[in-house]
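For reference, the structure is listed below as structure tokens.
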Amino acid sequence: MKTENQKAWFFVAPVLILVAFNAIIPMMTVVNYSVQETFGDNLFFWEGLTWFEQILRSERFHAALGRQFFFTAMILLIEIPLGIAIALSMPRKGFWVPVCLVLMALPMLIPWNVVGAMWNIFALPDIGLLGYFLNHVLGINYDMTQDPVAAWVTIITMDVWHWTSLVVLLSYAGLVSIPDAYYQAAKIDGASNWSVFRFIQLPKMKSVLTIAILLRFMDSFNIYTEPFVLTGGGPGNSTTLLSIDLVKIALGQFDLGPAAAMSLIYFAITLFVSWLFYTLMTKDDLN
Amino acid sequence: MRKRSLVPILYIFFLMLPIYWLVAMSFKTTNEILSGFSLFPQTFTLEAYVTIFTDPSWYWGYINSIIYVSLNTLISIAVALPAAYAFSRYRFLGDKQLFFWLLTNRMAPAAVFALPFFQLYSAVGLFDTHLAVALAHCLFNIPLAVWILEGFMGGVPKELDETAYVDGYSFPRFFLTIFIPTIKAGVGVAAFFCFMFSWVELLLAKTLTAVAAKPIAATMTKTASSAGYELGLLAAAGTLTIIPGAIVIYFVRNYIAKGFAMGRV
């Protein structure tokens with residue numbers, strides 16, 4: 001189909017140069033730091049793999065990584081099924097379609113720290129809408145700044161609020177691409193709603209769901225700004241996700257070596273899990 | 001059928017609640033916010049908005065953000081168009097590896113890059129300029145733009161290119177006058193995504209600027225931490241950051257579903 005043409009490299013060159021400038025130079029800086037020790041004044045000493053060992057053995061890292069995996073798992077388990085369910089119940093044509101889509105996309109266009117600040121205001125125990133409602137109408141004792149469970153529920157709800165629409169929009173794009181004839185055929189065969197979903201809608205949504213799961217995994221695994229503004233990692237360390245911990249080490253304590261080693265391990269985990277998801281989900285296509 | 005439409009309605013209601021609260025709070029006086037709970041602003045005030053529109057340190061934040069976001073969108077689309085064309089039409093040495101490598105740049109946690117970015121852009125003398133932020137955001141926007149545009153270009157039959165060449169069109173003339181207009185929906189969607197991701201990103205934008213190019217979102221965090229009681233001002237600034245997104249989304253409303261699928265449905 002495609003023709004072989006090495007001159008195509010000229011078309012790609014500007015992209016390559018710009019992205020390489022932003023990706024390779026900073027990445028090499030990180031690699032550099034990760035094998036050295038510094039006491040300031042631009043004096044560096046070779047440390048080898050000490051930092052990597054230290055990070056991989058540190059309980060603090062294990063705890064943050066555990067919280068990170070828990071967060072991402074919760075996000076995927078809630079947002080993916082919820083997003084599919086909402087997409088299935090949306091109208092397929094008519095005036096309300098663009099209205100729904102625009103309103104649903106709105107949370108994704110709000111700067112991430114504004115999302116955090118907004119949810120902070122929303123959840124304030126006595127003067128926030130959510131906090132007031134839970135404490136004074138439902139009588140649940142809710143204070144995000146004191147109670148780790150409340151903090152967790154709030155950051156997960158915030159992310160569901162922020163990103164479920166991405167899954168909805170992707171699934172919806174998959175659904176509207178299904179020709180009517182498929183549904184008519186299913187009707188003639190007397191297929192149940194479940195089999196329509198299982199054998200027509202789900203397979204058609206597969207490629208977009210792959211994108212959705214990958215994007216949701218990468219972004220929730222790397223999340224920083226929103227939970228940092230909302231809870232600051234607290235109360236205590238209970239919502240200190242991996243990237244929050246990383247920034248604490250890098251900019252708070254200025255431990256460049258360990259922070260760089262941690263960054264690389266972090267990046268490697270993200271790459272590996274993304275690759276795993278990708279291979280698992282596209283396995284059937286290859287056969 | 002009735003019961004079914006309840007789900008999107010409830011979902012949208014849930015989405016609008018925090019936004020409503022932010023907007024409502026921006027019209028309240030500080031006294032009212034701190035004195036207790038009120039569902040609607042009791043003493044409606046525009047004080048917070050007046051502050052923002054009269055204080056240069058506030059409104060310049062918006063101008064800065066809009067400048068670097070637009071600049072980033074322009075750069076990203078301009079370089080992504082030919083690259084996406086190459087990926088969708090030609091096979092060349094290392095094409096698949098290059099495409100995959102581009103996408104991996106979305107996976108690096110921005111927190112990892114904050115400090116090296118600061119050093120890199122200081123070293124080349126671009127620190128605290130709009131260009132620095134615009135170039136830095138290319139890291140994740142160019143791969144995304146290439147990905148989306150490639151998806152849309154793949155849907156255009158190759159016969160279009162061939163017919164144009166037979167008719168004696170040169171490549172640049174064909175690309176600019178025939179091909180780009182054909183995929184203008186894709187260009188719109190890609191531009192929308194670049195705008196969106198550059199607009200919502202703060203960590204790098206904040207790291208790379210100090211005064212002259214400081215984004216609005218950074219101006220906000222400062223107020224929020226130094227004066228926690230100025231919730232009304234914070235809410236008003238937050239409300240204003242929603243507007244540019246709402247405007248651009250209006251333009252791509254008919255392509256948005258397909259756009260989010262990166263043209264791959």
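Here's how to read the names in the structure tokens: chain A, B, ... by the order shown, residue numbers from 1 in each chain, ligand numbers from 1 in the order shown.
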Interface residues on chain B facing chain A, 7 Å, only C-alpha atoms, written as a ChimeraX atom specification: /B:4-5,7-8,12,15,18,21-22,33,36-37,79-80,82-83,86,89-93,107-109,111-113,116-117,136,138-139,196,199-201,217,238,241-242,245-246,249,253-254,257-258,260-261,265
Near stretch 45-48 of chain A, within 8 Å and counting only C-alpha atoms, which residues show up once chain neighbours fewer than 3 positions away are dropped, as an mmCIF file with C-alpha atoms, in the first residue's frame?
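File result-v6.cif, as written:
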```cif
data_model
loop_
_atom_site.group_PDB
_atom_site.id
_atom_site.type_symbol
_atom_site.label_atom_id
_atom_site.label_comp_id
_atom_site.auth_asym_id
_atom_site.auth_seq_id
_atom_site.Cartn_x
_atom_site.Cartn_y
_atom_site.Cartn_z
ATOM 1 C CA VAL A 35 24.806 7.805 38.774
ATOM 2 C CA GLN A 36 26.443 10.701 40.612
ATOM 3 C CA GLU A 37 26.500 12.361 44.003
ATOM 4 C CA THR A 38 26.670 16.118 44.392
ATOM 5 C CA TRP A 51 20.985 5.266 44.048
#
```
Helix (DSSP H, G or I) call set, DSSP backbone run, stretch 123-199 of chain A, as a VMD selection string: chain A and resid 123 129 to 137 148 to 176 180 to 188 193 to 199
Two-atom distance - atom CA of B:Ser57, atom CA of B:Thr219 (Å):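 Straight-line distance from atom CA of B:Ser57 to atom CA of B:Thr219 works out to 7.8 Å.
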Point-to-point distance in Å for atom CA of B:Thr54 and atom CA of B:Ala218: 18.1 Å
Quick one: residues within 7 Å of A:Met281, only C-alpha atoms counted, chain neighbours fewer than 3 positions away excluded, as a PDB file with C-alpha atoms, in the first residue's frame?
```pdb
ATOM      1  CA  THR A 210      -7.330   0.351  23.791  1.00  0.00           C
ATOM      2  CA  PHE A 277      -1.471  -3.436  28.204  1.00  0.00           C
ATOM      3  CA  TYR A 278      -0.827  -2.747  24.551  1.00  0.00           C
TER       4      TYR A 278
END
```
